[in-house]
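Colleague: Got a file for you: final04.cif, mmCIF, C-alpha atoms.
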data_start
loop_
_atom_site.label_atom_id
_atom_site.label_comp_id
_atom_site.auth_asym_id
_atom_site.auth_seq_id
_atom_site.Cartn_x
_atom_site.Cartn_y
_atom_site.Cartn_z
CA MET A 1 -100.96 -11.96 157.66
CA LYS A 2 -103.98 -12.16 155.36
CA ILE A 3 -103.10 -11.01 151.84
CA PHE A 4 -105.53 -10.68 148.94
CA TYR A 5 -104.54 -10.03 145.32
CA VAL A 6 -107.24 -8.61 143.02
CA TYR A 7 -106.69 -9.65 139.39
CA SER A 8 -108.85 -10.17 136.32
CA SER A 9 -107.98 -13.81 135.57
CA LEU A 10 -105.09 -16.27 135.52
CA LEU A 11 -105.68 -17.54 132.00
CA THR A 12 -102.73 -16.26 129.94
CA LYS A 13 -99.05 -17.16 129.73
CA GLY A 14 -98.08 -13.53 130.20
CA GLY A 15 -95.43 -12.28 132.59
CA ALA A 16 -97.89 -10.63 134.98
CA ASP A 17 -99.79 -13.90 135.51
CA ARG A 18 -96.57 -15.80 136.11
CA ILE A 19 -95.14 -13.22 138.52
CA LEU A 20 -98.39 -13.00 140.51
CA THR A 21 -98.50 -16.78 140.86
CA ILE A 22 -94.88 -16.94 142.02
CA LYS A 23 -95.41 -14.24 144.65
CA ALA A 24 -98.64 -15.75 145.96
CA ASN A 25 -97.08 -19.22 146.21
CA TRP A 26 -94.02 -17.86 148.04
CA LEU A 27 -96.07 -15.89 150.56
CA ALA A 28 -98.29 -18.90 151.23
CA ALA A 29 -95.20 -21.06 151.78
CA GLN A 30 -94.09 -18.59 154.47
CA GLY A 31 -97.32 -19.24 156.37
CA HIS A 32 -99.39 -16.25 155.23
CA GLU A 33 -103.05 -16.61 154.30
CA VAL A 34 -103.15 -15.73 150.60
CA ALA A 35 -106.01 -15.46 148.12
CA ILE A 36 -106.25 -14.33 144.49
CA VAL A 37 -109.62 -12.75 143.69
CA THR A 38 -110.54 -12.88 139.98
CA ASP A 39 -113.57 -11.61 138.11
CA SER A 40 -113.51 -13.66 134.89
CA GLN A 41 -111.80 -17.00 135.57
CA HIS A 42 -114.73 -18.91 133.96
CA GLY A 43 -114.16 -21.93 136.19
CA LEU A 44 -110.89 -22.73 134.45
CA PRO A 45 -107.65 -23.67 136.25
CA PRO A 46 -104.81 -21.12 136.36
CA VAL A 47 -102.29 -21.44 133.53
CA PHE A 48 -99.38 -21.46 135.98
CA PRO A 49 -99.46 -23.92 138.92
CA LEU A 50 -100.99 -22.38 142.03
CA SER A 51 -100.15 -23.73 145.47
CA GLU A 52 -102.97 -25.57 147.23
CA ARG A 53 -102.35 -23.14 150.08
CA VAL A 54 -103.49 -20.23 147.89
CA ARG A 55 -107.23 -19.71 147.56
CA LEU A 56 -108.56 -18.78 144.12
CA ILE A 57 -111.83 -16.88 144.52
CA ASP A 58 -113.70 -16.02 141.33
CA LEU A 59 -116.49 -13.43 141.49
CA ALA A 60 -117.93 -14.64 138.15
CA ILE A 61 -118.56 -11.22 136.64
CA ASN A 62 -117.53 -12.19 133.07
CA PHE A 63 -116.50 -8.85 131.59
CA ASP A 64 -115.91 -10.64 128.27
CA GLU A 65 -119.67 -10.50 127.77
CA GLU A 66 -119.59 -6.82 126.80
CA TYR A 67 -117.45 -7.41 123.68
CA ARG A 68 -120.25 -9.26 121.89
CA HIS A 69 -122.33 -6.11 121.45
CA SER A 70 -122.33 -2.75 119.69
CA LEU A 71 -120.58 0.22 121.32
CA PRO A 72 -123.71 1.82 122.91
CA VAL A 73 -124.81 -1.53 124.33
CA ARG A 74 -121.26 -2.22 125.53
CA PHE A 75 -121.25 1.07 127.41
CA LEU A 76 -124.46 0.26 129.27
CA LEU A 77 -123.48 -3.35 129.88
CA TYR A 78 -120.06 -2.38 131.20
CA HIS A 79 -121.57 -0.11 133.83
CA ARG A 80 -123.98 -2.85 134.87
CA LEU A 81 -121.13 -5.33 135.18
CA MET A 82 -119.09 -2.81 137.14
CA ARG A 83 -121.92 -2.33 139.65
CA ARG A 84 -122.06 -6.09 140.09
CA TYR A 85 -118.28 -6.25 140.47
CA ARG A 86 -118.23 -3.50 143.08
CA CYS A 87 -121.00 -5.16 145.08
CA ARG A 88 -119.41 -8.62 145.09
CA LEU A 89 -115.86 -7.47 145.79
CA SER A 90 -117.07 -5.17 148.57
CA GLN A 91 -119.04 -7.98 150.17
CA LEU A 92 -116.08 -10.36 149.94
CA LEU A 93 -113.52 -7.99 151.43
CA SER A 94 -115.90 -6.85 154.18
CA ALA A 95 -116.53 -10.48 155.14
CA GLU A 96 -112.91 -11.69 154.87
CA ARG A 97 -111.23 -8.59 156.42
CA PRO A 98 -107.77 -9.08 154.83
CA ASP A 99 -104.79 -7.14 156.18
CA ILE A 100 -103.45 -6.30 152.73
CA VAL A 101 -105.23 -5.92 149.37
CA ILE A 102 -103.08 -5.60 146.25
CA THR A 103 -104.36 -4.39 142.88
CA THR A 104 -102.53 -4.28 139.55
CA LEU A 105 -104.37 -1.02 138.80
CA GLY A 106 -107.19 -2.81 137.02
CA ARG A 107 -110.84 -1.78 136.71
CA GLU A 108 -111.38 -2.21 140.45
CA MET A 109 -109.38 0.99 140.94
CA ASP A 110 -112.64 2.86 140.28
CA PHE A 111 -113.83 1.94 143.76
CA LEU A 112 -111.30 -0.18 145.67
CA THR A 113 -110.07 2.55 148.02
CA SER A 114 -113.65 3.32 149.05
CA ILE A 115 -114.18 -0.20 150.46
CA LYS A 116 -113.87 0.12 154.23
CA ASP A 117 -112.69 -3.38 155.10
CA GLY A 118 -109.79 -2.30 157.31
CA SER A 119 -107.13 -3.41 154.83
CA LYS A 120 -104.16 -1.47 153.50
CA LYS A 121 -104.53 -0.97 149.75
CA ILE A 122 -101.42 -1.37 147.58
CA GLY A 123 -101.12 -0.84 143.84
CA GLU A 124 -98.50 -2.59 141.78
CA SER A 125 -97.93 -1.59 138.17
CA HIS A 126 -96.62 -4.12 135.66
CA ILE A 127 -96.31 -1.57 132.87
CA ALA A 128 -94.91 1.93 132.79
CA ARG A 129 -97.36 4.75 133.48
CA ARG A 130 -97.04 6.25 130.00
CA TYR A 131 -98.18 2.98 128.38
CA SER A 132 -100.84 1.97 130.91
CA ARG A 133 -104.02 0.56 129.33
CA ASN A 134 -102.55 1.33 125.88
CA PHE A 135 -103.31 5.04 126.37
CA HIS A 136 -100.40 5.92 124.07
CA LEU A 137 -102.11 4.12 121.16
CA LEU A 138 -105.44 5.87 121.72
CA GLU A 139 -103.72 9.26 121.75
CA GLN A 140 -102.58 8.65 118.17
CA ARG A 141 -106.17 8.50 116.87
CA GLY A 142 -106.93 12.21 117.01
CA VAL A 143 -108.09 15.08 119.19
CA ILE A 144 -111.21 13.39 120.60
CA HIS A 145 -109.23 10.35 121.67
CA LYS A 146 -106.58 12.58 123.26
CA MET A 147 -109.31 14.25 125.31
CA VAL A 148 -110.66 10.87 126.41
CA VAL A 149 -107.18 9.68 127.37
CA ALA A 150 -106.54 12.89 129.31
CA TYR A 151 -109.75 12.26 131.30
CA TRP A 152 -108.80 8.66 132.07
CA ARG A 153 -105.26 9.64 133.06
CA ARG A 154 -106.61 12.21 135.53
CA LYS A 155 -109.07 9.65 136.87
CA GLN A 156 -106.35 7.01 137.28
CA ALA A 157 -104.07 9.49 139.04
CA ARG A 158 -106.84 10.47 141.44
CA GLU A 159 -107.50 6.87 142.42
CA VAL A 160 -103.80 5.99 142.70
CA SER A 161 -103.27 8.96 145.04
CA ARG A 162 -105.67 7.31 147.51
CA LEU A 163 -103.65 4.09 147.79
CA ASP A 164 -101.53 3.40 150.85
CA ALA A 165 -98.58 2.50 148.61
CA LEU A 166 -97.71 2.20 144.94
CA VAL A 167 -95.04 -0.32 143.91
CA LEU A 168 -93.21 0.22 140.61
CA LEU A 169 -90.76 -1.98 138.76
CA THR A 170 -88.18 0.64 137.75
CA LYS A 171 -86.69 3.88 139.04
CA ASN A 172 -87.77 5.84 135.96
CA ASP A 173 -91.38 4.76 136.34
CA GLU A 174 -91.29 5.69 140.02
CA GLU A 175 -90.20 9.20 139.04
CA SER A 176 -93.18 9.48 136.68
CA TRP A 177 -95.60 8.79 139.56
CA ARG A 178 -94.05 11.04 142.23
CA SER A 179 -96.20 14.00 141.25
CA VAL A 180 -99.28 11.84 141.92
CA THR A 181 -98.39 10.20 145.22
CA PRO A 182 -95.47 10.32 147.66
CA HIS A 183 -96.09 6.70 148.67
CA THR A 184 -94.02 5.08 145.92
CA LEU A 185 -91.23 2.52 146.03
CA VAL A 186 -89.45 0.20 143.60
CA ILE A 187 -89.59 -3.57 144.00
CA PRO A 188 -88.51 -5.45 140.85
CA ASN A 189 -90.00 -8.65 139.55
CA PRO A 190 -88.40 -11.82 140.92
CA LEU A 191 -86.80 -14.45 138.73
CA THR A 192 -89.36 -16.88 137.36
CA PHE A 193 -87.34 -20.10 137.56
CA SER A 194 -84.25 -21.54 139.21
CA ALA A 195 -80.89 -21.50 137.48
CA PRO A 196 -80.49 -24.49 135.15
CA PRO A 197 -77.80 -27.06 136.06
CA GLN A 198 -75.78 -26.04 133.01
CA ARG A 199 -75.44 -22.49 131.76
CA ALA A 200 -75.06 -21.31 128.19
CA ARG A 201 -71.61 -21.83 126.66
CA CYS A 202 -72.12 -18.93 124.25
CA GLU A 203 -70.28 -20.78 121.50
CA GLY A 204 -73.00 -21.50 118.93
CA LYS A 205 -73.87 -19.36 115.93
CA ASN A 206 -77.38 -18.56 117.09
CA VAL A 207 -79.12 -15.65 118.79
CA LEU A 208 -82.39 -15.68 120.72
CA ALA A 209 -85.36 -13.32 121.09
CA VAL A 210 -88.61 -14.08 122.94
CA GLY A 211 -91.91 -12.26 123.28
CA ARG A 212 -95.35 -11.52 121.94
CA LEU A 213 -95.32 -10.72 118.24
CA SER A 214 -96.68 -7.23 118.73
CA GLU A 215 -95.76 -3.64 117.95
CA GLN A 216 -94.43 -3.18 121.48
CA LYS A 217 -91.74 -5.85 121.16
CA GLY A 218 -90.19 -4.30 118.05
CA PHE A 219 -89.39 -7.50 116.18
CA ASP A 220 -89.78 -5.57 112.92
CA LEU A 221 -86.81 -3.45 114.03
CA LEU A 222 -84.82 -6.55 114.97
CA ILE A 223 -85.49 -8.15 111.58
CA SER A 224 -84.37 -4.96 109.84
CA ALA A 225 -81.20 -4.94 111.95
CA TRP A 226 -80.54 -8.57 111.12
CA LYS A 227 -80.39 -7.75 107.40
CA SER A 228 -77.07 -5.97 107.99
CA VAL A 229 -75.94 -8.72 110.35
CA ALA A 230 -76.62 -11.41 107.75
CA GLU A 231 -74.56 -9.57 105.15
CA CYS A 232 -71.50 -9.81 107.40
CA HIS A 233 -72.29 -13.10 109.15
CA PRO A 234 -74.55 -15.23 106.90
CA ASP A 235 -73.81 -18.35 108.96
CA TRP A 236 -75.46 -16.91 112.08
CA HIS A 237 -79.15 -17.52 112.83
CA LEU A 238 -81.83 -15.60 114.76
CA ASP A 239 -84.51 -17.62 116.57
CA ILE A 240 -87.65 -15.74 117.66
CA PHE A 241 -90.12 -17.50 119.98
CA GLY A 242 -93.62 -16.08 120.24
CA GLU A 243 -97.14 -15.66 118.89
CA GLY A 244 -99.18 -12.54 118.27
CA GLU A 245 -101.07 -10.27 115.94
CA GLN A 246 -97.99 -9.28 113.92
CA LYS A 247 -96.90 -12.81 112.99
CA GLU A 248 -97.95 -12.70 109.33
CA GLU A 249 -96.57 -9.19 108.93
CA LEU A 250 -93.22 -10.27 110.38
CA LEU A 251 -93.07 -13.37 108.19
CA MET A 252 -93.69 -11.19 105.15
CA LEU A 253 -90.91 -8.82 106.26
CA ILE A 254 -88.51 -11.76 106.63
CA GLY A 255 -89.39 -12.89 103.11
CA ARG A 256 -89.12 -9.40 101.65
CA GLU A 257 -85.65 -8.96 103.15
CA LYS A 258 -84.66 -12.43 101.88
CA LEU A 259 -83.86 -13.64 105.39
CA ASP A 260 -85.80 -16.92 105.33
CA ASN A 261 -82.57 -18.87 105.87
CA ASN A 262 -81.36 -16.54 108.61
CA ILE A 263 -84.42 -16.01 110.83
CA THR A 264 -87.00 -18.48 112.17
CA ILE A 265 -90.15 -17.63 114.11
CA HIS A 266 -91.05 -20.49 116.47
CA PRO A 267 -94.22 -21.00 118.51
CA PRO A 268 -93.96 -20.38 122.28
CA THR A 269 -92.37 -23.19 124.27
CA ASP A 270 -92.81 -24.40 127.83
CA ARG A 271 -89.09 -25.24 127.88
CA ILE A 272 -87.74 -21.78 127.28
CA ALA A 273 -84.83 -22.31 129.71
CA ASP A 274 -83.47 -24.94 127.32
CA GLU A 275 -83.56 -22.39 124.51
CA TYR A 276 -81.68 -19.81 126.57
CA VAL A 277 -78.97 -22.34 127.37
CA ASN A 278 -78.59 -23.41 123.74
CA HIS A 279 -78.02 -19.91 122.33
CA SER A 280 -75.04 -17.55 122.42
CA PHE A 281 -76.72 -14.29 123.42
CA TYR A 282 -80.10 -12.60 123.72
CA VAL A 283 -81.52 -9.53 121.94
CA MET A 284 -84.48 -7.42 123.12
CA SER A 285 -85.77 -4.86 120.60
CA SER A 286 -88.80 -3.57 122.53
CA ARG A 287 -90.14 -0.08 121.91
CA PHE A 288 -91.10 0.01 125.59
CA GLU A 289 -91.29 -2.35 128.57
CA GLY A 290 -92.64 -2.43 132.08
CA PHE A 291 -89.53 -4.24 133.30
CA GLY A 292 -87.93 -6.71 130.89
CA LEU A 293 -88.47 -10.08 132.55
CA VAL A 294 -86.94 -11.97 129.63
CA LEU A 295 -83.63 -10.19 130.23
CA THR A 296 -83.37 -11.55 133.77
CA GLU A 297 -84.33 -15.03 132.56
CA ALA A 298 -81.66 -14.99 129.86
CA MET A 299 -79.02 -13.67 132.27
CA LEU A 300 -79.85 -16.40 134.78
CA CYS A 301 -79.01 -18.92 132.05
CA GLY A 302 -75.64 -17.25 131.46
CA LEU A 303 -76.50 -15.21 128.38
CA PRO A 304 -75.23 -11.70 127.74
CA CYS A 305 -78.07 -9.44 126.54
CA ILE A 306 -78.34 -6.66 124.00
CA SER A 307 -81.28 -4.31 124.40
CA PHE A 308 -82.57 -0.99 123.21
CA ASP A 309 -82.27 1.50 126.06
CA CYS A 310 -86.05 1.74 125.99
CA PRO A 311 -88.46 3.04 128.61
CA TYR A 312 -88.50 1.28 131.01
CA GLY A 313 -86.43 -1.54 132.55
CA PRO A 314 -83.31 -2.47 130.56
CA ARG A 315 -81.16 0.27 132.12
CA ASP A 316 -82.06 -1.06 135.59
CA ILE A 317 -81.11 -4.62 134.62
CA ILE A 318 -78.16 -4.43 132.21
CA LYS A 319 -74.82 -2.90 133.19
CA ASP A 320 -73.78 -1.57 129.80
CA GLY A 321 -70.44 -2.93 128.65
CA ASP A 322 -70.15 -5.21 131.68
CA ASP A 323 -72.84 -7.92 131.53
CA GLY A 324 -74.53 -6.80 128.30
CA LEU A 325 -74.98 -3.94 125.86
CA LEU A 326 -77.48 -1.09 125.80
CA VAL A 327 -78.24 0.42 122.40
CA SER A 328 -79.64 3.84 121.50
CA HIS A 329 -83.42 3.57 121.61
CA LEU A 330 -84.91 2.42 118.27
CA SER A 331 -81.59 2.81 116.43
CA VAL A 332 -81.51 -0.10 113.96
CA PRO A 333 -77.89 0.61 112.81
CA HIS A 334 -76.65 0.65 116.42
CA LEU A 335 -78.52 -2.58 117.13
CA SER A 336 -76.84 -4.23 114.13
CA GLU A 337 -73.44 -3.02 115.32
CA ALA A 338 -73.96 -4.39 118.83
CA ILE A 339 -75.06 -7.77 117.49
CA CYS A 340 -72.02 -7.95 115.22
CA ARG A 341 -69.77 -7.00 118.13
CA LEU A 342 -70.86 -10.00 120.19
CA ILE A 343 -70.82 -12.29 117.16
CA GLU A 344 -67.22 -11.37 116.46
CA ASP A 345 -65.93 -11.66 120.04
CA LYS A 346 -66.55 -15.05 121.62
CA GLU A 347 -64.48 -14.26 124.72
CA LEU A 348 -66.50 -11.10 125.33
CA ARG A 349 -69.72 -13.13 125.06
CA LYS A 350 -68.47 -15.61 127.62
CA THR A 351 -67.19 -12.98 130.03
CA MET A 352 -70.41 -10.98 129.84
CA GLY A 353 -72.47 -14.15 130.20
CA GLN A 354 -70.66 -15.08 133.44
CA ARG A 355 -71.14 -11.58 134.84
CA ALA A 356 -74.79 -11.59 133.79
CA TYR A 357 -75.36 -14.80 135.78
CA GLU A 358 -73.65 -13.32 138.85
CA HIS A 359 -75.39 -9.94 138.71
CA VAL A 360 -78.91 -11.25 138.13
CA GLN A 361 -78.93 -13.05 141.48
CA ARG A 362 -80.20 -9.79 142.99
CA TYR A 363 -83.57 -10.64 141.44
CA SER A 364 -83.95 -14.02 143.15
CA VAL A 365 -87.20 -14.66 144.99
CA GLU A 366 -85.23 -14.79 148.23
CA GLN A 367 -83.93 -11.26 147.59
CA VAL A 368 -87.12 -9.69 146.24
CA MET A 369 -89.98 -11.06 148.32
CA PRO A 370 -88.67 -9.91 151.75
CA GLN A 371 -88.99 -6.37 150.37
CA TRP A 372 -92.74 -6.98 150.03
CA LEU A 373 -92.94 -8.31 153.59
CA GLN A 374 -91.15 -5.21 154.85
CA LEU A 375 -93.72 -3.04 153.07
CA PHE A 376 -96.62 -5.02 154.51
CA SER A 377 -95.17 -4.78 158.01
CA ARG A 378 -94.57 -1.04 157.72
CA LEU A 379 -98.11 -0.37 156.51
CA ARG A 380 -99.56 -2.48 159.30
CA GLY A 381 -97.56 -0.60 161.92
CA GLY A 382 -94.76 -3.08 162.41
CA GLU A 383 -96.83 -6.26 162.54
CA ASN A 384 -94.94 -9.37 161.39
CA SER A 385 -97.73 -11.91 161.18
#
Will you turn the file into structure tokens for me?
Modeller:
Amino acid sequence: MKIFYVYSSLLTKGGADRILTIKANWLAAQGHEVAIVTDSQHGLPPVFPLSERVRLIDLAINFDEEYRHSLPVRFLLYHRLMRRYRCRLSQLLSAERPDIVITTLGREMDFLTSIKDGSKKIGESHIARRYSRNFHLLEQRGVIHKMVVAYWRRKQAREVSRLDALVLLTKNDEESWRSVTPHTLVIPNPLTFSAPPQRARCEGKNVLAVGRLSEQKGFDLLISAWKSVAECHPDWHLDIFGEGEQKEELLMLIGREKLDNNITIHPPTDRIADEYVNHSFYVMSSRFEGFGLVLTEAMLCGLPCISFDCPYGPRDIIKDGDDGLLVSHLSVPHLSEAICRLIEDKELRKTMGQRAYEHVQRYSVEQVMPQWLQLFSRLRGGENS
């Protein structure tokens, strides 16, 4: 089967880039002809290793060019770049004739379903509908912005309704799309690495959190929760790994709360599995998620997880009270209580960590990727190759 992914670029260390690379590599290893079509790769190699069996085709549109200009010029330039993008992608797909084309609901959604190349068009969303393209942030800027967002939401819904299938990461997100299209299904993200030879012992006095230092990830809430934790357990330490626009703000908050000896913000690491293994449990304080990939990573390393019951993802992953703890959304006091509960009960940490490792196996590549092949086969009328 000939499978094409359409994606902006493979130049960041984000979860979507990593997941796309893993899926493309796995499909190619099964003998399928796989290509990733980018528009702004700039001749650079992918951040995550791509199999030599996977073709990387860059259309060299360079959408970054528009950001160097004033708003009126950007508007005109964007439309010119989009015409170029449509022409080049249409020519490529018409020439290559793939069986399956997969989009992550990027800018190509404006025209992808109108390309008559004979392929089945599938959308896959890596972020919940409500938070797509940061619409929720624009809505906070006033009436005009709300009107603009309403227009773009209607436009996105119209284009999604024309897809042959829409794949979501969680059950709740699937429900939010059912009024738009009946062709929805849930396929979660696969695990991003193999289980380490040794799992976490959950015996140290340290807790881990990982993610971009942004408003979405809620590290400000976690730091506030840790103030109460530190009062009861001053010998415990919180390690946060990440970079982002809120770094200075978070460092100032740590200083203001006098938690410099209790919390450390570290730069991202390429050896994150080692950090999971060397901590006692994991905390996710996100305001919202598309899935919660870090939770599955931590669980694979034998860590119990505490998470806000945020939209969307954690409830699909964590079995509350069994392999981790779900906390009332955005409740700082409840987050503090949950952290203290695991700090004070080492046997509970260990038991939950063992169950987390066992339960997370349902997200292995071997469990997840056959679901994609079943979808491809169904859309192609039962074809298996």
Colleague: May I have the residues at most 9 Å from (-99.8, 2.4, 148.6) in the file's coordinates, counting only C-alpha atoms, as a PDB file with C-alpha atoms, keeping the file's coordinate frame?
Modeller:
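The new file part.pdb reads:
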ATOM      1  CA  ILE A 102    -103.080  -5.600 146.250  1.00  0.00           C
ATOM      2  CA  LYS A 120    -104.160  -1.470 153.500  1.00  0.00           C
ATOM      3  CA  LYS A 121    -104.530  -0.970 149.750  1.00  0.00           C
ATOM      4  CA  ILE A 122    -101.420  -1.370 147.580  1.00  0.00           C
ATOM      5  CA  GLY A 123    -101.120  -0.840 143.840  1.00  0.00           C
ATOM      6  CA  GLU A 124     -98.500  -2.590 141.780  1.00  0.00           C
ATOM      7  CA  VAL A 160    -103.800   5.990 142.700  1.00  0.00           C
ATOM      8  CA  SER A 161    -103.270   8.960 145.040  1.00  0.00           C
ATOM      9  CA  ARG A 162    -105.670   7.310 147.510  1.00  0.00           C
ATOM     10  CA  LEU A 163    -103.650   4.090 147.790  1.00  0.00           C
ATOM     11  CA  ASP A 164    -101.530   3.400 150.850  1.00  0.00           C
ATOM     12  CA  ALA A 165     -98.580   2.500 148.610  1.00  0.00           C
ATOM     13  CA  LEU A 166     -97.710   2.200 144.940  1.00  0.00           C
ATOM     14  CA  VAL A 167     -95.040  -0.320 143.910  1.00  0.00           C
ATOM     15  CA  THR A 181     -98.390  10.200 145.220  1.00  0.00           C
ATOM     16  CA  HIS A 183     -96.090   6.700 148.670  1.00  0.00           C
ATOM     17  CA  THR A 184     -94.020   5.080 145.920  1.00  0.00           C
ATOM     18  CA  LEU A 185     -91.230   2.520 146.030  1.00  0.00           C
ATOM     19  CA  LEU A 379     -98.110  -0.370 156.510  1.00  0.00           C
TER      20      LEU A 379
END
Colleague: Translate the PyMOL selection byres ((chain A and resi 342) around 10) into a concrete residue list for this structure, as a PDB file with C-alpha atoms, keeping the file's coordinate frame.
Modeller:
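Full text of result.pdb as output:
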ATOM      1  CA  CYS A 202     -72.120 -18.930 124.250  1.00  0.00           C
ATOM      2  CA  SER A 280     -75.040 -17.550 122.420  1.00  0.00           C
ATOM      3  CA  PHE A 281     -76.720 -14.290 123.420  1.00  0.00           C
ATOM      4  CA  PRO A 304     -75.230 -11.700 127.740  1.00  0.00           C
ATOM      5  CA  CYS A 305     -78.070  -9.440 126.540  1.00  0.00           C
ATOM      6  CA  ILE A 306     -78.340  -6.660 124.000  1.00  0.00           C
ATOM      7  CA  GLY A 324     -74.530  -6.800 128.300  1.00  0.00           C
ATOM      8  CA  LEU A 325     -74.980  -3.940 125.860  1.00  0.00           C
ATOM      9  CA  GLU A 337     -73.440  -3.020 115.320  1.00  0.00           C
ATOM     10  CA  ALA A 338     -73.960  -4.390 118.830  1.00  0.00           C
ATOM     11  CA  ILE A 339     -75.060  -7.770 117.490  1.00  0.00           C
ATOM     12  CA  CYS A 340     -72.020  -7.950 115.220  1.00  0.00           C
ATOM     13  CA  ARG A 341     -69.770  -7.000 118.130  1.00  0.00           C
ATOM     14  CA  ILE A 343     -70.820 -12.290 117.160  1.00  0.00           C
ATOM     15  CA  GLU A 344     -67.220 -11.370 116.460  1.00  0.00           C
ATOM     16  CA  ASP A 345     -65.930 -11.660 120.040  1.00  0.00           C
ATOM     17  CA  LYS A 346     -66.550 -15.050 121.620  1.00  0.00           C
ATOM     18  CA  GLU A 347     -64.480 -14.260 124.720  1.00  0.00           C
ATOM     19  CA  LEU A 348     -66.500 -11.100 125.330  1.00  0.00           C
ATOM     20  CA  ARG A 349     -69.720 -13.130 125.060  1.00  0.00           C
ATOM     21  CA  LYS A 350     -68.470 -15.610 127.620  1.00  0.00           C
ATOM     22  CA  MET A 352     -70.410 -10.980 129.840  1.00  0.00           C
TER      23      MET A 352
END
Colleague: List the neighbours of Glu245 (chain A) out to 9 Å using all atoms listed in the file; skip same-chain residues closer than 5 positions along the sequence, and give me the result as a list of chain:residue names.
Modeller: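 The residues satisfying every condition are A:Arg212, A:Leu213, A:Ser214, A:Glu215.
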Colleague: Can you work out the spacing between CA of Asp220 (chain A) and CA of Gly242 (chain A) in Å, to one decimal?
Modeller: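 Computed distance, CA of Asp220 (chain A) to CA of Gly242 (chain A), equals 13.4 Å.
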Colleague: Could you state the separation of CA of Met299 (chain A) and CA of Asp270 (chain A) in Å, given to one decimal place?
Modeller: 18.0 Å
Colleague: Would you list the contacts of Pro196 (chain A) as a list in words, taking every protein, DNA or RNA residue within 10 Å and counting only C-alpha atoms, but skipping same-chain residues closer than 6 positions in sequence?
Modeller: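 Result of the neighbour search: Ala273, Asp274, Tyr276, Val277, Leu300, Cys301 and Gly302 of chain A.
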Colleague: Which of these residues is nearest to Thr192 (chain A), using only C-alpha atoms: A:Val368, A:Leu335, A:Leu259, A:Val37?
Modeller: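 Checking each of A:Val368, A:Leu335, A:Leu259, A:Val37 against Thr192 (chain A), counting only C-alpha atoms, the winner is A:Val368.
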Colleague: Convert the output of the PyMOL selection byres ((chain A and resi 290) around 6) on the shown file into explicit residues, formatted as a PyMOL selection string.
Modeller: chain A and resi 126-128+289+291+312
Colleague: Can you measure CA of Glu108 (chain A) to CA of Gly292 (chain A) for me? One decimal in Å is fine.
Modeller: 25.7 Å
Colleague: Go through A:Leu295, A:Glu33, A:Glu66, A:Ile19 and flag the residue nearest Pro49 (chain A), using only C-alpha atoms for the distances.
Modeller: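 Ranking A:Leu295, A:Glu33, A:Glu66, A:Ile19 by distance to Pro49 (chain A), first place goes to A:Ile19.
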Colleague: Which residues, written as a list in words, have at least one atom at most 9 Å from region 227-237 of chain A, with only C-alpha atoms counted and residues fewer than 6 positions away on the same chain left out?
Modeller: Gly204, Lys205, Asn206, Val207, Leu208, Glu257, Lys258, Leu259, Asn261, Asn262, Ile263, Thr264, Pro333, Ser336, Glu337, Ile339, Cys340 and Ile343 of chain A
Colleague: Mind writing the picked residues with C-alpha atoms as a JSON list (two decimals), in the coordinates of the input?
Modeller:
[["chain", "number", "residue", "atom", "x", "y", "z"],
["A", 204, "GLY", "CA", -73.00, -21.50, 118.93],
["A", 205, "LYS", "CA", -73.87, -19.36, 115.93],
["A", 206, "ASN", "CA", -77.38, -18.56, 117.09],
["A", 207, "VAL", "CA", -79.12, -15.65, 118.79],
["A", 208, "LEU", "CA", -82.39, -15.68, 120.72],
["A", 257, "GLU", "CA", -85.65, -8.96, 103.15],
["A", 258, "LYS", "CA", -84.66, -12.43, 101.88],
["A", 259, "LEU", "CA", -83.86, -13.64, 105.39],
["A", 261, "ASN", "CA", -82.57, -18.87, 105.87],
["A", 262, "ASN", "CA", -81.36, -16.54, 108.61],
["A", 263, "ILE", "CA", -84.42, -16.01, 110.83],
["A", 264, "THR", "CA", -87.00, -18.48, 112.17],
["A", 333, "PRO", "CA", -77.89, 0.61, 112.81],
["A", 336, "SER", "CA", -76.84, -4.23, 114.13],
["A", 337, "GLU", "CA", -73.44, -3.02, 115.32],
["A", 339, "ILE", "CA", -75.06, -7.77, 117.49],
["A", 340, "CYS", "CA", -72.02, -7.95, 115.22],
["A", 343, "ILE", "CA", -70.82, -12.29, 117.16]]
Colleague: List the residues selected by the PyMOL selection byres ((chain A and resi 322) around 9) in the file shown, writing them as a list in words.
Modeller: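 What the PyMOL selection byres ((chain A and resi 322) around 9) grabs from the file is Ile318, Lys319, Asp320, Gly321, Asp323, Gly324, Leu325, Thr351, Met352, Arg355 and Ala356 of chain A.
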Colleague: Name the closest residue to Glu366 (chain A) among the candidates A:Ala200, A:Leu27, A:Leu11, A:Glu159; distances are taken between atoms, counting all atoms listed in the file.
Modeller: A:Leu27
Colleague: Find, counting all atoms listed in the file, the residue in A:Arg18, A:His266, A:Lys2, A:Arg153 that gets nearest to Leu93 (chain A).
Modeller: A:Lys2
Colleague: Counting all atoms listed in the file, I want the residues whose atoms come within 9 Å of (-96.9, -6.7, 151.7) in the file frame, returned as a list in words.
Modeller: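 Looking at atoms near the point gives Met1, Ile3, Ile100, Val101, Ile102, Ile122, Met369, Pro370, Gln371, Trp372, Leu373, Gln374, Leu375, Phe376, Ser377, Arg378 and Leu379 of chain A.
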Colleague: With distances taken over all atoms listed in the file, which residue among A:Glu275, A:Asp173, A:Asp58, A:Asp64 lies nearest Phe288 (chain A)?
Modeller: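 Answer, going by the shortest atom-to-atom distance: A:Asp173.
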Colleague: I'd like to know which of A:Ser194, A:Ser119, A:Ser286, A:Ser307 is closest to Val327 (chain A), using all atoms listed in the file.
Modeller: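 Under the stated criterion, the closest residue is A:Ser307.
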